[in-house]
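Asker: Please find protein-v3.cif (mmCIF, C-alpha atoms) on the next line:
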```cif
data_start
#
loop_
_atom_site.label_atom_id
_atom_site.label_comp_id
_atom_site.auth_asym_id
_atom_site.auth_seq_id
_atom_site.Cartn_x
_atom_site.Cartn_y
_atom_site.Cartn_z
CA MET A 587 -57.16 -3.59 13.15
CA LEU A 588 -57.72 -1.84 9.81
CA LYS A 589 -55.53 1.07 10.86
CA GLY A 590 -52.72 -1.32 11.81
CA THR A 591 -52.97 -3.09 8.45
CA ILE A 592 -52.85 0.22 6.56
CA ILE A 593 -49.78 1.32 8.54
CA LYS A 594 -48.06 -1.98 7.76
CA LEU A 595 -48.86 -1.67 4.05
CA VAL A 596 -47.60 1.92 3.94
CA THR A 597 -44.42 0.91 5.77
CA ILE A 598 -43.79 -2.00 3.38
CA SER A 599 -44.44 0.26 0.37
CA LEU A 600 -42.00 2.88 1.64
CA MET A 601 -39.36 0.22 2.33
CA PHE A 602 -39.84 -1.13 -1.21
CA LEU A 603 -39.55 2.34 -2.76
CA PHE A 604 -36.44 3.06 -0.69
CA ALA A 605 -34.86 -0.23 -1.79
CA VAL A 606 -35.64 0.46 -5.45
CA SER A 607 -34.32 4.02 -5.29
CA THR A 608 -31.18 2.87 -3.45
CA PHE A 609 -30.56 0.20 -6.08
CA ALA A 610 -31.11 2.68 -8.90
CA PHE A 611 -28.78 5.18 -7.25
CA SER A 612 -25.96 2.70 -6.66
CA HIS A 613 -26.37 1.33 -10.16
CA LYS A 614 -26.24 4.84 -11.64
CA GLU A 615 -23.25 5.87 -9.55
CA GLY A 616 -20.89 3.30 -11.02
CA ASN A 617 -20.17 -0.37 -11.11
CA PRO A 618 -20.32 -1.01 -14.84
CA MET A 619 -20.34 -4.66 -15.84
CA VAL A 620 -18.34 -6.48 -18.46
CA GLU A 621 -19.18 -9.75 -20.16
CA MET A 622 -16.17 -11.74 -21.24
CA LYS A 623 -16.73 -14.77 -23.44
CA THR A 624 -13.92 -17.30 -23.32
CA SER A 625 -13.50 -20.60 -25.11
CA LYS A 626 -14.51 -22.20 -21.78
CA GLY A 627 -17.64 -20.11 -21.25
CA VAL A 628 -18.89 -16.67 -20.22
CA ILE A 629 -17.64 -14.69 -17.23
CA LYS A 630 -19.50 -11.57 -16.05
CA ILE A 631 -17.57 -9.04 -14.02
CA GLU A 632 -18.77 -6.12 -11.91
CA LEU A 633 -16.25 -3.26 -11.81
CA PHE A 634 -15.69 -1.12 -8.71
CA ALA A 635 -15.48 2.30 -10.33
CA ASP A 636 -15.86 4.04 -6.97
CA LYS A 637 -12.95 2.17 -5.36
CA ALA A 638 -10.55 2.01 -8.32
CA PRO A 639 -11.55 4.75 -10.81
CA ILE A 640 -8.23 4.93 -12.68
CA THR A 641 -8.01 1.16 -13.03
CA VAL A 642 -11.61 0.72 -14.13
CA LYS A 643 -11.29 3.52 -16.70
CA ASN A 644 -8.12 1.87 -18.03
CA PHE A 645 -9.74 -1.58 -18.21
CA LEU A 646 -12.83 -0.24 -19.97
CA MET A 647 -10.63 1.55 -22.50
CA TYR A 648 -9.09 -1.78 -23.50
CA VAL A 649 -12.50 -3.48 -23.51
CA ASN A 650 -14.04 -0.80 -25.74
CA GLU A 651 -11.09 -0.99 -28.12
CA GLY A 652 -11.62 -4.73 -28.55
CA PHE A 653 -8.08 -5.21 -27.28
CA TYR A 654 -8.76 -8.47 -25.46
CA GLU A 655 -10.32 -10.35 -28.36
CA GLY A 656 -8.14 -13.26 -29.46
CA LEU A 657 -5.82 -13.11 -26.45
CA ILE A 658 -5.19 -16.18 -24.30
CA PHE A 659 -5.02 -17.02 -20.62
CA HIS A 660 -1.25 -17.38 -20.60
CA ARG A 661 -0.64 -18.09 -16.89
CA VAL A 662 -2.87 -20.47 -14.96
CA ILE A 663 -2.11 -21.75 -11.47
CA LYS A 664 -4.84 -23.79 -9.82
CA ASP A 665 -5.74 -22.62 -6.30
CA PHE A 666 -4.03 -19.31 -7.01
CA MET A 667 -5.16 -17.34 -10.06
CA ILE A 668 -5.73 -17.25 -13.83
CA GLN A 669 -4.04 -14.47 -15.80
CA THR A 670 -4.71 -12.96 -19.22
CA GLY A 671 -4.79 -9.69 -21.12
CA GLY A 672 -1.45 -9.46 -22.88
CA HIS A 673 -0.50 -12.45 -25.01
CA LYS A 674 -1.60 -13.88 -28.34
CA PRO A 675 -1.73 -17.67 -28.91
CA ASP A 676 1.91 -17.64 -30.08
CA LEU A 677 2.72 -15.85 -26.78
CA SER A 678 3.77 -12.67 -28.55
CA ARG A 679 2.70 -9.57 -26.64
CA LYS A 680 0.25 -6.99 -27.87
CA PRO A 681 1.35 -3.31 -27.64
CA THR A 682 -0.38 -1.46 -24.79
CA HIS A 683 -1.12 2.03 -23.59
CA PRO A 684 1.16 3.57 -20.92
CA PRO A 685 1.05 2.06 -17.42
CA ILE A 686 -1.29 3.40 -14.76
CA LYS A 687 -1.12 4.32 -11.10
CA ASN A 688 -1.53 1.40 -8.71
CA GLU A 689 -4.73 1.75 -6.66
CA ALA A 690 -4.13 -1.31 -4.45
CA ASN A 691 -4.56 0.85 -1.35
CA ASN A 692 -8.34 0.99 -1.80
CA GLY A 693 -9.47 -1.30 1.01
CA LEU A 694 -10.35 -4.20 -1.30
CA SER A 695 -8.91 -7.68 -0.80
CA ASN A 696 -7.79 -10.28 -3.34
CA LYS A 697 -10.54 -12.72 -2.42
CA ARG A 698 -11.69 -15.64 -4.55
CA GLY A 699 -13.50 -14.34 -7.61
CA THR A 700 -12.07 -10.83 -7.52
CA ILE A 701 -10.25 -9.40 -10.52
CA ALA A 702 -6.97 -7.52 -10.07
CA MET A 703 -4.28 -5.90 -12.20
CA ALA A 704 -1.08 -7.76 -12.97
CA ARG A 705 2.18 -5.81 -12.74
CA THR A 706 5.94 -6.19 -12.59
CA ALA A 707 8.21 -5.31 -9.63
CA ASP A 708 7.50 -1.67 -10.50
CA ILE A 709 4.48 -0.64 -8.38
CA ASN A 710 2.95 1.49 -11.14
CA SER A 711 3.53 -0.80 -14.12
CA ALA A 712 0.05 -2.26 -14.80
CA THR A 713 -1.25 -1.88 -18.34
CA SER A 714 -3.68 -4.41 -19.86
CA GLN A 715 -2.99 -7.66 -18.03
CA PHE A 716 -5.24 -8.81 -15.21
CA PHE A 717 -5.96 -11.92 -13.19
CA ILE A 718 -8.91 -13.53 -11.46
CA ASN A 719 -8.20 -14.90 -8.01
CA HIS A 720 -9.00 -18.60 -7.80
CA ARG A 721 -8.81 -18.53 -4.00
CA ASP A 722 -8.47 -15.93 -1.25
CA ASN A 723 -5.02 -14.38 -1.77
CA SER A 724 -4.65 -11.85 1.03
CA ASN A 725 -0.87 -12.02 0.54
CA LEU A 726 -1.47 -9.95 -2.62
CA ASP A 727 -3.22 -7.14 -0.73
CA TYR A 728 -1.80 -3.71 0.02
CA LYS A 729 0.30 -3.76 3.19
CA GLY A 730 2.66 -0.81 2.79
CA GLU A 731 4.34 1.64 0.42
CA GLY A 732 7.31 -0.53 -0.59
CA PRO A 733 7.41 -2.50 -3.88
CA ARG A 734 6.84 -5.82 -2.13
CA GLU A 735 4.16 -4.58 0.21
CA PHE A 736 2.13 -2.39 -2.13
CA GLY A 737 0.14 -5.28 -3.53
CA TYR A 738 -2.12 -5.78 -6.53
CA CYS A 739 -5.12 -3.58 -7.23
CA VAL A 740 -8.52 -5.28 -6.98
CA PHE A 741 -10.98 -3.48 -9.24
CA GLY A 742 -13.90 -5.85 -9.68
CA LYS A 743 -15.40 -9.25 -9.00
CA VAL A 744 -16.94 -12.13 -10.93
CA ILE A 745 -20.71 -12.07 -10.50
CA GLU A 746 -21.44 -14.95 -12.90
CA GLY A 747 -19.17 -17.64 -14.28
CA MET A 748 -17.02 -18.83 -11.39
CA ASP A 749 -17.60 -22.31 -12.81
CA VAL A 750 -15.80 -21.07 -15.94
CA VAL A 751 -12.96 -19.69 -13.80
CA ASP A 752 -12.73 -23.09 -12.10
CA ALA A 753 -12.69 -24.87 -15.46
CA ILE A 754 -9.83 -22.67 -16.68
CA ALA A 755 -7.93 -23.13 -13.42
CA ASN A 756 -8.15 -26.90 -13.79
CA VAL A 757 -6.64 -27.24 -17.28
CA LYS A 758 -3.28 -28.90 -17.78
CA THR A 759 -0.36 -26.49 -18.05
CA GLY A 760 3.29 -26.61 -19.01
CA SER A 761 6.19 -24.57 -20.35
CA LYS A 762 6.12 -22.85 -23.71
CA SER A 763 8.38 -20.25 -25.34
CA GLY A 764 10.09 -19.49 -22.06
CA TYR A 765 6.85 -19.11 -20.09
CA ASN A 766 5.70 -21.42 -17.30
CA ASP A 767 2.15 -22.38 -16.26
CA VAL A 768 0.84 -21.98 -19.81
CA PRO A 769 -2.33 -23.97 -20.63
CA LEU A 770 -1.52 -26.77 -23.07
CA GLU A 771 -4.73 -25.92 -24.94
CA ASP A 772 -5.33 -22.33 -25.96
CA ILE A 773 -7.99 -20.70 -23.80
CA LEU A 774 -9.08 -17.67 -25.78
CA ILE A 775 -11.01 -14.52 -24.97
CA GLU A 776 -13.52 -14.42 -27.82
CA TYR A 777 -14.82 -11.01 -26.81
CA ALA A 778 -15.14 -8.63 -23.88
CA LYS A 779 -17.87 -6.00 -23.87
CA VAL A 780 -19.62 -3.61 -21.51
CA ILE A 781 -23.13 -4.87 -20.75
CA SER A 782 -24.20 -2.26 -18.20
CA LYS A 783 -23.10 1.09 -16.82
#
```
What does this structure look like when you write it as structure tokens?

Answerer:
Amino acid sequence: MLKGTIIKLVTISLMFLFAVSTFAFSHKEGNPMVEMKTSKGVIKIELFADKAPITVKNFLMYVNEGFYEGLIFHRVIKDFMIQTGGHKPDLSRKPTHPPIKNEANNGLSNKRGTIAMARTADINSATSQFFINHRDNSNLDYKGEGPREFGYCVFGKVIEGMDVVDAIANVKTGSKSGYNDVPLEDILIEYAKVISK
């Protein structure tokens, strides 16, 4: 009886130590987190540095430069996505660093709550703009090497603040300065900062 209890306790202790060490290892190996405060609330994002290293490095460069502060969510489509990272309240664009390689072929899907890079028809044109998927958008996933099939690179996911994403997605939008789906009230990024590495 006593021997069985001791074996159970040892087994549980080893399982606990393994779980802790595994967590510490995965945490150390990557997946930095970014806190983004918007005028609608705080969104916390886990970044998949192992799956999209170029994209995560690029995103963190902009975060650490304070690039996103004062920018707006300039394209909001409920039940699709909310986009930001490039425009000031007057819809003028902020100068960016050169575009990066598209890492959409990384096995990740544009599911609700994931964050992905925005781009033009050019596959490798992403710079600072990104969007958060408001629903599962598998049509945006990598499906082939052509411009239409290459997809949009997922590089992280919202771990806290999907209620904020929902609130942004539900604002009234319209046309402004030649852009469609622009929120009628400015939704600002007050800051974005790394909170864990």

Asker: Per residue of region 625-722 of chain A within 8 Å of region 756-766 of chain A, what are the shortest atom pair and its distance in Å to one decimal, counting all atoms listed in the file, with rows by chain and residue number, as JSON lines?

Answerer:
```
{"residue": "A:Arg661", "atom": "CA", "partner": "A:Asn766", "partner_atom": "CA", "distance": 7.2}
{"residue": "A:Val662", "atom": "CA", "partner": "A:Thr759", "partner_atom": "CA", "distance": 7.2}
{"residue": "A:Lys664", "atom": "CA", "partner": "A:Asn756", "partner_atom": "CA", "distance": 6.0}
{"residue": "A:Leu677", "atom": "CA", "partner": "A:Ser763", "partner_atom": "CA", "distance": 7.3}
```

Asker: Counting all atoms listed in the file, which of A:Lys697, A:Lys779, A:His720, A:Lys626 gets nearest to Glu655 (chain A)?

Answerer: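 Under the stated criterion, the closest residue is A:Lys779.
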
Asker: Find, counting all atoms listed in the file, the residue in A:Glu771, A:Asp752, A:Glu731, A:Glu621 that gets nearest to Phe666 (chain A).

Answerer: A:Asp752

Asker: Would you kindly return, as a list in words, each protein, DNA or RNA residue with an atom no farther than 10 Å from any atom of Gly732 (chain A), considering only C-alpha atoms and excluding same-chain residues fewer than 4 positions away?

Answerer: Asp708, Ile709, Tyr728, Phe736 and Gly737 of chain A

Asker: Selected residues, C-alpha atoms, written as a short mmCIF file (atom, residue, chain, number, x, y, z; two decimals), in the frame of the given file, please.

Answerer:
```
data_model
loop_
_atom_site.label_atom_id
_atom_site.label_comp_id
_atom_site.auth_asym_id
_atom_site.auth_seq_id
_atom_site.Cartn_x
_atom_site.Cartn_y
_atom_site.Cartn_z
CA ASP A 708 7.50 -1.67 -10.50
CA ILE A 709 4.48 -0.64 -8.38
CA TYR A 728 -1.80 -3.71 0.02
CA PHE A 736 2.13 -2.39 -2.13
CA GLY A 737 0.14 -5.28 -3.53
#
```

Asker: For CA of Ile718 (chain A) and CA of Met667 (chain A), determine how far apart the two atoms are, in Å to one decimal place.

Answerer: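 Atom-to-atom, CA of Ile718 (chain A) to CA of Met667 (chain A), that is 5.5 Å.
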
Asker: Quick one: of A:Asp749, A:Asp676, A:Asp772, A:Glu689, who's nearest to Ile640 (chain A), counting all atoms listed in the file?

Answerer: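 Checking each candidate against Ile640 (chain A), we get A:Glu689 as the closest.
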
Asker: Considering all atoms listed in the file, can you say which of A:Gln715, A:Asn650, A:Thr682, A:Thr670 comes closest to Val620 (chain A)?

Answerer: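 Under the stated criterion, the closest residue is A:Asn650.
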